[in-house]
Every structure is written in structure tokens, then in C-alpha cells.
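Coordinates from target.tsv are shown below (TSV, N, CA and C atoms).
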chain	number	residue	atom	x	y	z
L	10	MET	N	0.81	-1.18	0.00
L	10	MET	CA	0.00	0.00	0.00
L	10	MET	C	0.87	1.27	0.00
L	11	TRP	N	1.89	1.29	0.85
L	11	TRP	CA	2.78	2.46	0.90
L	11	TRP	C	3.55	2.61	-0.40
L	12	TYR	N	3.87	1.47	-0.98
L	12	TYR	CA	4.60	1.52	-2.24
L	12	TYR	C	3.74	2.17	-3.33
L	13	ASN	N	2.46	1.80	-3.39
L	13	ASN	CA	1.55	2.38	-4.39
L	13	ASN	C	1.38	3.89	-4.17
L	14	MET	N	1.28	4.31	-2.91
L	14	MET	CA	1.15	5.73	-2.60
L	14	MET	C	2.42	6.48	-3.00
L	15	PHE	N	3.57	5.88	-2.71
L	15	PHE	CA	4.83	6.49	-3.07
L	15	PHE	C	4.97	6.61	-4.58
L	16	MET	N	4.60	5.57	-5.30
L	16	MET	CA	4.69	5.59	-6.76
L	16	MET	C	3.70	6.61	-7.36
L	17	LEU	N	2.55	6.78	-6.72
L	17	LEU	CA	1.60	7.79	-7.17
L	17	LEU	C	2.21	9.19	-7.04
L	18	LEU	N	2.85	9.45	-5.90
L	18	LEU	CA	3.48	10.75	-5.70
L	18	LEU	C	4.65	10.95	-6.67
L	19	VAL	N	5.44	9.92	-6.90
L	19	VAL	CA	6.55	10.01	-7.84
L	19	VAL	C	6.02	10.30	-9.25
L	20	GLY	N	4.97	9.61	-9.63
L	20	GLY	CA	4.37	9.84	-10.95
L	20	GLY	C	3.80	11.25	-11.08
L	21	LEU	N	3.18	11.74	-9.99
L	21	LEU	CA	2.63	13.09	-10.01
L	21	LEU	C	3.74	14.12	-10.17
L	22	PHE	N	4.80	14.01	-9.39
L	22	PHE	CA	5.90	14.95	-9.51
L	22	PHE	C	6.61	14.83	-10.86
L	23	GLN	N	6.72	13.61	-11.35
L	23	GLN	CA	7.34	13.41	-12.65
L	23	GLN	C	6.53	14.10	-13.75
L	24	TRP	N	5.21	14.00	-13.68
L	24	TRP	CA	4.38	14.67	-14.68
L	24	TRP	C	4.45	16.19	-14.48
L	25	TRP	N	4.36	16.63	-13.22
L	25	TRP	CA	4.30	18.06	-12.93
L	25	TRP	C	5.53	18.81	-13.43
L	26	TYR	N	6.70	18.24	-13.16
L	26	TYR	CA	7.94	18.92	-13.55
L	26	TYR	C	8.43	18.51	-14.93
L	27	GLY	N	7.71	17.66	-15.62
L	27	GLY	CA	8.08	17.23	-16.97
L	27	GLY	C	7.03	17.65	-17.98
L	28	ALA	N	6.10	16.74	-18.23
L	28	ALA	CA	5.09	16.97	-19.26
L	28	ALA	C	4.15	18.11	-18.90
L	29	GLY	N	3.85	18.27	-17.63
L	29	GLY	CA	2.96	19.35	-17.21
L	29	GLY	C	3.55	20.72	-17.48
L	30	TRP	N	4.83	20.86	-17.19
L	30	TRP	CA	5.50	22.14	-17.42
L	30	TRP	C	5.61	22.43	-18.92
L	31	ARG	N	5.92	21.41	-19.71
L	31	ARG	CA	5.97	21.58	-21.17
L	31	ARG	C	4.59	21.98	-21.70
L	32	ASP	N	3.53	21.39	-21.13
L	32	ASP	CA	2.18	21.74	-21.55
L	32	ASP	C	1.87	23.20	-21.21
L	33	GLN	N	2.31	23.68	-20.07
L	33	GLN	CA	2.10	25.08	-19.70
L	33	GLN	C	2.83	26.02	-20.66
L	34	VAL	N	4.04	25.67	-21.03
L	34	VAL	CA	4.79	26.49	-21.99
L	34	VAL	C	4.07	26.51	-23.33
L	35	SER	N	3.54	25.37	-23.75
L	35	SER	CA	2.79	25.29	-25.00
L	35	SER	C	1.53	26.15	-24.93
L	36	ARG	N	0.85	26.12	-23.79
L	36	ARG	CA	-0.36	26.94	-23.63
L	36	ARG	C	-0.04	28.43	-23.66
L	37	VAL	N	1.08	28.81	-23.08
L	37	VAL	CA	1.50	30.21	-23.12
L	37	VAL	C	1.73	30.63	-24.57
L	38	GLY	N	2.43	29.80	-25.33
L	38	GLY	CA	2.65	30.12	-26.74
L	38	GLY	C	1.35	30.21	-27.53
L	39	ASP	N	0.43	29.29	-27.24
L	39	ASP	CA	-0.86	29.32	-27.93
L	39	ASP	C	-1.65	30.58	-27.60
L	40	SER	N	-1.60	31.01	-26.35
L	40	SER	CA	-2.34	32.23	-25.98
L	40	SER	C	-1.73	33.46	-26.65
L	41	MET	N	-0.41	33.47	-26.79
L	41	MET	CA	0.24	34.59	-27.49
L	41	MET	C	-0.17	34.60	-28.97
L	42	ILE	N	-0.19	33.44	-29.59
L	42	ILE	CA	-0.57	33.33	-31.00
L	42	ILE	C	-2.03	33.74	-31.20
L	43	ARG	N	-2.92	33.26	-30.30
L	43	ARG	CA	-4.34	33.61	-30.41
L	43	ARG	C	-4.56	35.11	-30.24
L	44	THR	N	-3.86	35.74	-29.29
L	44	THR	CA	-4.01	37.17	-29.08
L	44	THR	C	-3.50	37.95	-30.28
L	45	ASN	N	-2.35	37.55	-30.81
L	45	ASN	CA	-1.82	38.20	-32.00
L	45	ASN	C	-2.77	38.03	-33.18
L	46	ASP	N	-3.38	36.87	-33.30
L	46	ASP	CA	-4.32	36.63	-34.39
L	46	ASP	C	-5.60	37.43	-34.17
L	47	TRP	N	-6.05	37.56	-32.94
L	47	TRP	CA	-7.29	38.28	-32.66
L	47	TRP	C	-7.14	39.76	-33.00
L	48	PHE	N	-6.01	40.36	-32.64
L	48	PHE	CA	-5.79	41.76	-32.95
L	48	PHE	C	-5.25	41.97	-34.36
L	49	SER	N	-4.73	40.94	-35.00
L	49	SER	CA	-4.17	41.00	-36.36
L	49	SER	C	-3.17	42.14	-36.51
L	50	ILE	N	-2.23	42.21	-35.58
L	50	ILE	CA	-1.27	43.31	-35.57
L	50	ILE	C	-0.44	43.37	-36.86
L	51	PRO	N	0.09	42.26	-37.39
L	51	PRO	CA	0.84	42.37	-38.65
L	51	PRO	C	-0.01	42.89	-39.81
L	52	LEU	N	-1.26	42.48	-39.88
L	52	LEU	CA	-2.14	42.95	-40.95
L	52	LEU	C	-2.47	44.43	-40.77
L	53	LEU	N	-2.66	44.86	-39.53
L	53	LEU	CA	-2.93	46.28	-39.28
L	53	LEU	C	-1.73	47.14	-39.66
L	54	VAL	N	-0.54	46.65	-39.39
L	54	VAL	CA	0.67	47.41	-39.77
L	54	VAL	C	0.80	47.46	-41.28
L	55	LYS	N	0.53	46.34	-41.94
L	55	LYS	CA	0.67	46.27	-43.39
L	55	LYS	C	-0.33	47.19	-44.10
L	56	THR	N	-1.53	47.31	-43.56
L	56	THR	CA	-2.57	48.13	-44.19
L	56	THR	C	-2.80	49.43	-43.42
L	57	PHE	N	-1.74	49.97	-42.84
L	57	PHE	CA	-1.89	51.12	-41.94
L	57	PHE	C	-2.55	52.31	-42.61
L	58	PHE	N	-2.16	52.64	-43.83
L	58	PHE	CA	-2.72	53.81	-44.50
L	58	PHE	C	-3.77	53.44	-45.55
L	59	ALA	N	-4.33	52.25	-45.43
L	59	ALA	CA	-5.40	51.87	-46.34
L	59	ALA	C	-6.67	52.64	-45.96
L	60	PRO	N	-7.55	52.89	-46.93
L	60	PRO	CA	-8.78	53.62	-46.61
L	60	PRO	C	-9.63	52.83	-45.61
L	61	PHE	N	-10.36	53.57	-44.79
L	61	PHE	CA	-11.21	52.96	-43.78
L	61	PHE	C	-12.66	53.02	-44.24
L	62	ARG	N	-13.22	51.91	-44.63
L	62	ARG	CA	-14.62	51.80	-45.04
L	62	ARG	C	-15.02	52.89	-46.02
L	63	GLN	N	-14.25	53.01	-47.06
L	63	GLN	CA	-14.49	54.05	-48.05
L	63	GLN	C	-15.71	53.67	-48.88
L	64	ILE	N	-16.75	54.45	-48.78
L	64	ILE	CA	-17.99	54.13	-49.47
L	64	ILE	C	-18.28	55.12	-50.58
L	65	SER	N	-18.14	56.41	-50.30
L	65	SER	CA	-18.66	57.40	-51.23
L	65	SER	C	-17.59	58.13	-52.04
L	66	ALA	N	-16.33	57.79	-51.87
L	66	ALA	CA	-15.29	58.48	-52.64
L	66	ALA	C	-15.22	57.88	-54.03
L	67	ASN	N	-15.98	58.43	-54.93
L	67	ASN	CA	-16.11	57.89	-56.27
L	67	ASN	C	-15.14	58.61	-57.21
L	68	GLU	N	-14.23	57.86	-57.81
L	68	GLU	CA	-13.25	58.47	-58.71
L	68	GLU	C	-13.88	58.86	-60.04
L	69	THR	N	-14.90	58.16	-60.49
L	69	THR	CA	-15.49	58.43	-61.80
L	69	THR	C	-16.77	59.25	-61.68
L	70	GLY	N	-16.92	59.99	-60.58
L	70	GLY	CA	-18.13	60.79	-60.38
L	70	GLY	C	-18.24	61.96	-61.34
L	71	GLY	N	-17.14	62.43	-61.81
L	71	GLY	CA	-17.17	63.55	-62.73
L	71	GLY	C	-15.77	63.84	-63.22
L	72	ASN	N	-15.68	64.57	-64.31
L	72	ASN	CA	-14.38	64.87	-64.88
L	72	ASN	C	-13.87	66.25	-64.50
L	73	ASP	N	-14.71	67.03	-63.86
L	73	ASP	CA	-14.27	68.36	-63.49
L	73	ASP	C	-13.32	68.31	-62.30
L	74	ILE	N	-12.56	69.34	-62.14
L	74	ILE	CA	-11.53	69.38	-61.12
L	74	ILE	C	-12.12	69.37	-59.70
L	75	GLY	N	-13.30	69.94	-59.54
L	75	GLY	CA	-13.94	69.99	-58.21
L	75	GLY	C	-14.32	68.60	-57.70
L	76	SER	N	-14.91	67.78	-58.57
L	76	SER	CA	-15.30	66.44	-58.13
L	76	SER	C	-14.08	65.55	-57.91
L	77	ARG	N	-13.06	65.73	-58.72
L	77	ARG	CA	-11.83	64.95	-58.50
L	77	ARG	C	-11.15	65.35	-57.19
L	78	PHE	N	-11.12	66.65	-56.92
L	78	PHE	CA	-10.53	67.13	-55.68
L	78	PHE	C	-11.34	66.65	-54.47
L	79	ARG	N	-12.66	66.64	-54.57
L	79	ARG	CA	-13.53	66.15	-53.50
L	79	ARG	C	-13.30	64.65	-53.26
L	80	ALA	N	-13.17	63.87	-54.34
L	80	ALA	CA	-12.90	62.44	-54.21
L	80	ALA	C	-11.54	62.21	-53.56
L	81	TRP	N	-10.55	63.01	-53.97
L	81	TRP	CA	-9.22	62.89	-53.36
L	81	TRP	C	-9.28	63.23	-51.87
L	82	GLY	N	-10.00	64.29	-51.51
L	82	GLY	CA	-10.16	64.67	-50.11
L	82	GLY	C	-10.88	63.60	-49.31
L	83	ASP	N	-11.91	62.98	-49.90
L	83	ASP	CA	-12.62	61.89	-49.22
L	83	ASP	C	-11.69	60.71	-48.97
L	84	ARG	N	-10.88	60.38	-49.97
L	84	ARG	CA	-9.95	59.26	-49.80
L	84	ARG	C	-8.91	59.57	-48.74
L	85	MET	N	-8.39	60.79	-48.73
L	85	MET	CA	-7.39	61.17	-47.72
L	85	MET	C	-7.99	61.16	-46.31
L	86	PHE	N	-9.21	61.66	-46.20
L	86	PHE	CA	-9.88	61.65	-44.90
L	86	PHE	C	-10.13	60.22	-44.45
L	87	SER	N	-10.53	59.37	-45.38
L	87	SER	CA	-10.76	57.96	-45.05
L	87	SER	C	-9.46	57.28	-44.64
L	88	ARG	N	-8.38	57.59	-45.30
L	88	ARG	CA	-7.08	57.03	-44.92
L	88	ARG	C	-6.63	57.53	-43.55
L	89	LEU	N	-6.90	58.79	-43.26
L	89	LEU	CA	-6.54	59.33	-41.94
L	89	LEU	C	-7.34	58.64	-40.84
L	90	ILE	N	-8.64	58.48	-41.04
L	90	ILE	CA	-9.47	57.78	-40.05
L	90	ILE	C	-8.98	56.34	-39.90
L	91	GLY	N	-8.66	55.69	-41.01
L	91	GLY	CA	-8.15	54.32	-40.96
L	91	GLY	C	-6.84	54.23	-40.20
L	92	ALA	N	-5.94	55.18	-40.43
L	92	ALA	CA	-4.66	55.16	-39.73
L	92	ALA	C	-4.84	55.37	-38.23
L	93	VAL	N	-5.74	56.29	-37.86
L	93	VAL	CA	-5.98	56.53	-36.43
L	93	VAL	C	-6.58	55.29	-35.77
L	94	MET	N	-7.57	54.69	-36.41
L	94	MET	CA	-8.21	53.49	-35.85
L	94	MET	C	-7.21	52.34	-35.74
L	95	ARG	N	-6.42	52.14	-36.78
L	95	ARG	CA	-5.43	51.06	-36.75
L	95	ARG	C	-4.35	51.32	-35.71
L	96	PHE	N	-3.95	52.58	-35.54
L	96	PHE	CA	-2.95	52.93	-34.54
L	96	PHE	C	-3.43	52.53	-33.14
L	97	PHE	N	-4.66	52.91	-32.82
L	97	PHE	CA	-5.17	52.56	-31.49
L	97	PHE	C	-5.35	51.05	-31.32
L	98	MET	N	-5.75	50.35	-32.37
L	98	MET	CA	-5.88	48.89	-32.27
L	98	MET	C	-4.52	48.22	-32.13
L	99	ILE	N	-3.50	48.75	-32.80
L	99	ILE	CA	-2.15	48.21	-32.66
L	99	ILE	C	-1.65	48.43	-31.23
L	100	ILE	N	-1.86	49.62	-30.70
L	100	ILE	CA	-1.44	49.91	-29.32
L	100	ILE	C	-2.17	49.00	-28.34
L	101	LEU	N	-3.49	48.86	-28.52
L	101	LEU	CA	-4.27	47.99	-27.64
L	101	LEU	C	-3.80	46.54	-27.75
L	102	GLY	N	-3.50	46.09	-28.95
L	102	GLY	CA	-3.00	44.73	-29.13
L	102	GLY	C	-1.64	44.52	-28.48
L	103	LEU	N	-0.75	45.51	-28.60
L	103	LEU	CA	0.56	45.39	-27.97
L	103	LEU	C	0.46	45.39	-26.45
L	104	VAL	N	-0.46	46.20	-25.91
L	104	VAL	CA	-0.68	46.20	-24.45
L	104	VAL	C	-1.22	44.85	-24.01
L	105	ALA	N	-2.16	44.29	-24.78
L	105	ALA	CA	-2.70	42.97	-24.45
L	105	ALA	C	-1.62	41.90	-24.50
L	106	LEU	N	-0.76	41.95	-25.52
L	106	LEU	CA	0.34	40.99	-25.61
L	106	LEU	C	1.32	41.15	-24.45
L	107	LEU	N	1.61	42.38	-24.07
L	107	LEU	CA	2.51	42.62	-22.94
L	107	LEU	C	1.90	42.09	-21.64
L	108	LEU	N	0.61	42.33	-21.44
L	108	LEU	CA	-0.06	41.83	-20.24
L	108	LEU	C	-0.06	40.30	-20.21
L	109	ILE	N	-0.32	39.69	-21.34
L	109	ILE	CA	-0.30	38.22	-21.40
L	109	ILE	C	1.11	37.69	-21.16
L	110	MET	N	2.13	38.40	-21.68
L	110	MET	CA	3.51	37.96	-21.44
L	110	MET	C	3.86	38.03	-19.95
L	111	ILE	N	3.46	39.10	-19.28
L	111	ILE	CA	3.76	39.25	-17.85
L	111	ILE	C	3.03	38.19	-17.04
L	112	LEU	N	1.74	38.00	-17.30
L	112	LEU	CA	0.98	36.98	-16.56
L	112	LEU	C	1.49	35.58	-16.86
L	113	SER	N	1.90	35.33	-18.09
L	113	SER	CA	2.43	34.01	-18.44
L	113	SER	C	3.77	33.76	-17.78
L	114	ALA	N	4.60	34.79	-17.68
L	114	ALA	CA	5.88	34.63	-16.99
L	114	ALA	C	5.66	34.31	-15.51
L	115	ILE	N	4.72	35.01	-14.89
L	115	ILE	CA	4.39	34.71	-13.49
L	115	ILE	C	3.88	33.28	-13.37
L	116	ARG	N	3.02	32.87	-14.30
L	116	ARG	CA	2.47	31.51	-14.30
L	116	ARG	C	3.57	30.46	-14.40
L	117	LEU	N	4.53	30.69	-15.32
L	117	LEU	CA	5.60	29.70	-15.51
L	117	LEU	C	6.59	29.71	-14.34
L	118	ILE	N	6.79	30.87	-13.72
L	118	ILE	CA	7.70	30.92	-12.57
L	118	ILE	C	7.07	30.23	-11.35
L	119	LEU	N	5.75	30.41	-11.17
L	119	LEU	CA	5.09	29.81	-10.01
L	119	LEU	C	4.74	28.33	-10.21
L	120	TRP	N	4.75	27.84	-11.43
L	120	TRP	CA	4.35	26.45	-11.70
L	120	TRP	C	5.15	25.44	-10.86
L	121	PRO	N	6.46	25.55	-10.73
L	121	PRO	CA	7.19	24.55	-9.93
L	121	PRO	C	6.90	24.67	-8.43
L	122	VAL	N	6.39	25.79	-7.98
L	122	VAL	CA	6.18	26.01	-6.54
L	122	VAL	C	4.84	25.43	-6.07
L	123	PHE	N	3.87	25.30	-6.95
L	123	PHE	CA	2.54	24.89	-6.56
L	123	PHE	C	2.47	23.56	-5.79
L	124	PRO	N	3.20	22.52	-6.16
L	124	PRO	CA	3.11	21.28	-5.38
L	124	PRO	C	3.65	21.41	-3.95
L	125	ILE	N	4.50	22.38	-3.71
L	125	ILE	CA	5.09	22.56	-2.39
L	125	ILE	C	4.16	23.36	-1.47
L	126	LEU	N	3.26	24.13	-2.03
L	126	LEU	CA	2.42	25.03	-1.24
L	126	LEU	C	1.56	24.33	-0.18
L	127	PRO	N	0.92	23.19	-0.44
L	127	PRO	CA	0.15	22.56	0.65
L	127	PRO	C	1.03	22.16	1.85
L	128	ALA	N	2.20	21.58	1.56
L	128	ALA	CA	3.10	21.20	2.66
L	128	ALA	C	3.61	22.44	3.38
L	129	ALA	N	3.95	23.49	2.65
L	129	ALA	CA	4.42	24.73	3.28
L	129	ALA	C	3.30	25.35	4.12
L	130	GLY	N	2.09	25.33	3.62
L	130	GLY	CA	0.96	25.85	4.39
L	130	GLY	C	0.71	25.07	5.65
L	131	LEU	N	0.84	23.76	5.59
L	131	LEU	CA	0.67	22.92	6.78
L	131	LEU	C	1.76	23.21	7.80
L	132	ILE	N	3.00	23.34	7.34
L	132	ILE	CA	4.11	23.64	8.26
L	132	ILE	C	3.92	25.01	8.89
L	133	ILE	N	3.53	26.00	8.12
L	133	ILE	CA	3.30	27.34	8.67
L	133	ILE	C	2.15	27.32	9.66
L	134	MET	N	1.10	26.58	9.37
L	134	MET	CA	-0.03	26.52	10.28
L	134	MET	C	0.35	25.85	11.60
L	135	LEU	N	1.18	24.81	11.53
L	135	LEU	CA	1.56	24.11	12.75
L	135	LEU	C	2.59	24.88	13.57
L	136	THR	N	3.44	25.66	12.93
L	136	THR	CA	4.46	26.39	13.67
L	136	THR	C	3.99	27.77	14.12
L	137	VAL	N	3.44	28.54	13.24
L	137	VAL	CA	3.02	29.90	13.55
L	137	VAL	C	1.58	29.92	14.05
L	138	GLY	N	0.77	29.10	13.49
L	138	GLY	CA	-0.65	29.07	13.82
L	138	GLY	C	-1.48	29.46	12.62
L	139	ALA	N	-2.74	29.18	12.71
L	139	ALA	CA	-3.63	29.53	11.62
L	139	ALA	C	-3.75	31.04	11.53
L	140	PRO	N	-3.92	31.58	10.34
L	140	PRO	CA	-3.98	33.04	10.19
L	140	PRO	C	-5.09	33.69	11.00
L	141	TRP	N	-6.22	32.97	11.17
L	141	TRP	CA	-7.32	33.56	11.92
L	141	TRP	C	-7.04	33.60	13.42
L	142	ASN	N	-6.02	32.88	13.90
L	142	ASN	CA	-5.64	32.93	15.31
L	142	ASN	C	-4.66	34.05	15.61
L	143	LEU	N	-4.13	34.71	14.60
L	143	LEU	CA	-3.15	35.76	14.81
L	143	LEU	C	-3.78	37.07	15.26
L	144	PHE	N	-5.05	37.26	15.02
L	144	PHE	CA	-5.69	38.54	15.34
L	144	PHE	C	-6.42	38.50	16.63

For the structure just supplied, provide its representation as C-alpha cells.
Amino acid sequence: MWYNMFMLLVGLFQWWYGAGWRDQVSRVGDSMIRTNDWFSIPLLVKTFFAPFRQISANETGGNDIGSRFRAWGDRMFSRLIGAVMRFFMIILGLVALLLIMILSAIRLILWPVFPILPAAGLIIMLTVGAPWNLF
């Protein structure tokens, strides 16, 4: 019976510090890829000055200089709006990626400590006392 319990603990620690840790690293990478895909940061950078939902800027609306100038102004205004919108989405995406990187680093640093926490909590409770007894 003790042998089976010991082997269970050995198997648990072997998984935790081996395959479990590799799985956590893989999940961190997947979350970074999903966030980058959700914000489409490379696509936003590539199309930074592309028009933003250009509907009414018609190039063939007329041959006179006024209609051509108006169409050019509409396209420039649409490109400006598109650049501003893409700029804020790129910034928001980079902040989200930075936040995920920080939280993932904390997650990977704390992963090896988690199996020790119940034993450490028991030792602290037996030596110092339960937290509710301190007040």
C-alpha cells in the first residue's frame, strides 16, 4: 500500500515537472498566437494607410476638377481615419500581448512552486498558527 502511494506521488511529480511544465509552456505560446491573431497586428501594420470603409469616394463621379478634388479629399480623410483606428488597435493589441507575457511569466515561474504550497501551508499553520488565530 505504501509503495503504491509512493509511486503515485513520484508519478505526479514526474508529470508536474516534466510533461505538465511543457504543456504550460505550450499553452502560453498558444495564448500569445491567439491574441496576435485576434488583434491582427501584422495585418494592421501592413494596411496602416489603407482607406477605412471608403464608401462614397467615387473616382469616376465627374471629370471636373472639383469632383476629382472632392474624391481625393474623401480618400485622404478615409485614410486618416483608418490610420488613427489602426494605430489605437495596434497599441491595444501590444498592451494585451505585454499583459499576457507578464501573466504568463508569473504563471511559468510559479508552476514549480505549486506542489510545495500545501506542505508549506501545513508547516506554517503548525508552527506559527492559523492566520485567523493571529488577530

Check your understanding: Skipping near chain neighbours, those fewer than 5 positions away, what residues fall within 8 Å of range 109-120 of chain L using only N, CA and C atoms, listed as a PyMOL selection string?
Key -> chain L and resi 25-26+30+33-34+37+40-41+103-104+125

Using only N, CA and C atoms, please write the residues we just selected to a file, as a tab-separated table (two decimals), in the frame of the given file.
chain	number	residue	atom	x	y	z
L	25	TRP	N	4.36	16.63	-13.22
L	25	TRP	CA	4.30	18.06	-12.93
L	25	TRP	C	5.53	18.81	-13.43
L	26	TYR	N	6.70	18.24	-13.16
L	26	TYR	CA	7.94	18.92	-13.55
L	26	TYR	C	8.43	18.51	-14.93
L	30	TRP	N	4.83	20.86	-17.19
L	30	TRP	CA	5.50	22.14	-17.42
L	30	TRP	C	5.61	22.43	-18.92
L	33	GLN	N	2.31	23.68	-20.07
L	33	GLN	CA	2.10	25.08	-19.70
L	33	GLN	C	2.83	26.02	-20.66
L	34	VAL	N	4.04	25.67	-21.03
L	34	VAL	CA	4.79	26.49	-21.99
L	34	VAL	C	4.07	26.51	-23.33
L	37	VAL	N	1.08	28.81	-23.08
L	37	VAL	CA	1.50	30.21	-23.12
L	37	VAL	C	1.73	30.63	-24.57
L	40	SER	N	-1.60	31.01	-26.35
L	40	SER	CA	-2.34	32.23	-25.98
L	40	SER	C	-1.73	33.46	-26.65
L	41	MET	N	-0.41	33.47	-26.79
L	41	MET	CA	0.24	34.59	-27.49
L	41	MET	C	-0.17	34.60	-28.97
L	103	LEU	N	-0.75	45.51	-28.60
L	103	LEU	CA	0.56	45.39	-27.97
L	103	LEU	C	0.46	45.39	-26.45
L	104	VAL	N	-0.46	46.20	-25.91
L	104	VAL	CA	-0.68	46.20	-24.45
L	104	VAL	C	-1.22	44.85	-24.01
L	125	ILE	N	4.50	22.38	-3.71
L	125	ILE	CA	5.09	22.56	-2.39
L	125	ILE	C	4.16	23.36	-1.47

Point to revise | Selection near range 90-96 of chain L, 6 Å with only C-alpha atoms, sequence-local residues under 6 positions removed, as number ranges by chain | key: L: 53, 57-58, 60-61

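From atom N of Leu17 in chain L back to CA of Pro127 in chain L, the distance works out to 17.6 Å.
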
Exercise for review: Write out as an NGL selection string all residues of range 14-143 of chain L that DSSP puts in helix (DSSP H, G or I) for this structure's backbone.
Suggested key: :L and (14-25 or 28-48 or 50-55 or 74-119 or 123-136 or 140-142)

Check your understanding: Do you have the atom N of Met98 in chain L-atom N of Asp39 in chain L distance handy?
Key ->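 Going from atom N of Met98 in chain L over to atom N of Asp39 in chain L, I get 22.5 Å.
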
Exercise for review: Please identify all polymer residues within 12 Å of range 20-22 of chain L, counting only C-alpha atoms, omitting same-chain residues fewer than 4 positions from it, and present them as JSON, numbers by chain.
Suggested key: {"L": [13, 14, 15, 16, 26, 27, 28, 29, 30, 120, 121, 122, 123, 124, 125]}

Point to revise | CA of Leu126 in chain L to atom C of Gly138 in chain L, straight-line distance in Å | key: 15.1 Å

Output range 113-120 of chain L with all heavy atoms present, as an mmCIF file, in the frame of the given file.
data_model
loop_
_atom_site.group_PDB
_atom_site.id
_atom_site.type_symbol
_atom_site.label_atom_id
_atom_site.label_comp_id
_atom_site.auth_asym_id
_atom_site.auth_seq_id
_atom_site.Cartn_x
_atom_site.Cartn_y
_atom_site.Cartn_z
ATOM 1 N N SER L 113 1.900 35.330 -18.090
ATOM 2 C CA SER L 113 2.430 34.010 -18.440
ATOM 3 C C SER L 113 3.770 33.760 -17.780
ATOM 4 O O SER L 113 4.055 32.640 -17.361
ATOM 5 C CB SER L 113 2.565 33.897 -19.959
ATOM 6 O OG SER L 113 1.316 33.990 -20.574
ATOM 7 N N ALA L 114 4.600 34.790 -17.680
ATOM 8 C CA ALA L 114 5.880 34.630 -16.990
ATOM 9 C C ALA L 114 5.660 34.310 -15.510
ATOM 10 O O ALA L 114 6.321 33.426 -14.955
ATOM 11 C CB ALA L 114 6.725 35.895 -17.144
ATOM 12 N N ILE L 115 4.720 35.010 -14.890
ATOM 13 C CA ILE L 115 4.390 34.710 -13.490
ATOM 14 C C ILE L 115 3.880 33.280 -13.370
ATOM 15 O O ILE L 115 4.258 32.545 -12.448
ATOM 16 C CB ILE L 115 3.370 35.726 -12.957
ATOM 17 C CG1 ILE L 115 4.008 37.099 -12.856
ATOM 18 C CG2 ILE L 115 2.806 35.294 -11.612
ATOM 19 C CD1 ILE L 115 3.037 38.217 -12.565
ATOM 20 N N ARG L 116 3.020 32.870 -14.300
ATOM 21 C CA ARG L 116 2.470 31.510 -14.300
ATOM 22 C C ARG L 116 3.570 30.460 -14.400
ATOM 23 O O ARG L 116 3.572 29.467 -13.672
ATOM 24 C CB ARG L 116 1.495 31.397 -15.469
ATOM 25 C CG ARG L 116 0.901 30.057 -15.698
ATOM 26 C CD ARG L 116 0.021 30.155 -16.922
ATOM 27 N NE ARG L 116 -0.630 28.922 -17.248
ATOM 28 C CZ ARG L 116 -1.493 28.779 -18.220
ATOM 29 N NH1 ARG L 116 -1.829 29.832 -18.953
ATOM 30 N NH2 ARG L 116 -2.035 27.634 -18.473
ATOM 31 N N LEU L 117 4.530 30.690 -15.320
ATOM 32 C CA LEU L 117 5.600 29.700 -15.510
ATOM 33 C C LEU L 117 6.590 29.710 -14.340
ATOM 34 O O LEU L 117 7.174 28.671 -14.020
ATOM 35 C CB LEU L 117 6.330 29.956 -16.823
ATOM 36 C CG LEU L 117 5.516 29.683 -18.081
ATOM 37 C CD1 LEU L 117 6.311 30.048 -19.318
ATOM 38 C CD2 LEU L 117 5.069 28.236 -18.129
ATOM 39 N N ILE L 118 6.790 30.870 -13.720
ATOM 40 C CA ILE L 118 7.700 30.920 -12.570
ATOM 41 C C ILE L 118 7.070 30.230 -11.350
ATOM 42 O O ILE L 118 7.752 29.534 -10.604
ATOM 43 C CB ILE L 118 8.056 32.388 -12.253
ATOM 44 C CG1 ILE L 118 8.979 32.930 -13.341
ATOM 45 C CG2 ILE L 118 8.703 32.520 -10.891
ATOM 46 C CD1 ILE L 118 9.202 34.432 -13.272
ATOM 47 N N LEU L 119 5.750 30.410 -11.170
ATOM 48 C CA LEU L 119 5.090 29.810 -10.010
ATOM 49 C C LEU L 119 4.740 28.330 -10.210
ATOM 50 O O LEU L 119 4.432 27.650 -9.225
ATOM 51 C CB LEU L 119 3.822 30.597 -9.665
ATOM 52 C CG LEU L 119 4.035 31.985 -9.103
ATOM 53 C CD1 LEU L 119 2.700 32.656 -8.831
ATOM 54 C CD2 LEU L 119 4.876 31.934 -7.843
ATOM 55 N N TRP L 120 4.750 27.840 -11.430
ATOM 56 C CA TRP L 120 4.350 26.450 -11.700
ATOM 57 C C TRP L 120 5.150 25.440 -10.860
ATOM 58 O O TRP L 120 4.560 24.527 -10.287
ATOM 59 C CB TRP L 120 4.476 26.151 -13.189
ATOM 60 C CG TRP L 120 4.079 24.759 -13.544
ATOM 61 C CD1 TRP L 120 4.897 23.705 -13.761
ATOM 62 C CD2 TRP L 120 2.748 24.258 -13.708
ATOM 63 N NE1 TRP L 120 4.184 22.584 -14.062
ATOM 64 C CE2 TRP L 120 2.852 22.893 -14.030
ATOM 65 C CE3 TRP L 120 1.489 24.832 -13.605
ATOM 66 C CZ2 TRP L 120 1.740 22.104 -14.262
ATOM 67 C CZ3 TRP L 120 0.383 24.040 -13.844
ATOM 68 C CH2 TRP L 120 0.517 22.695 -14.163
#
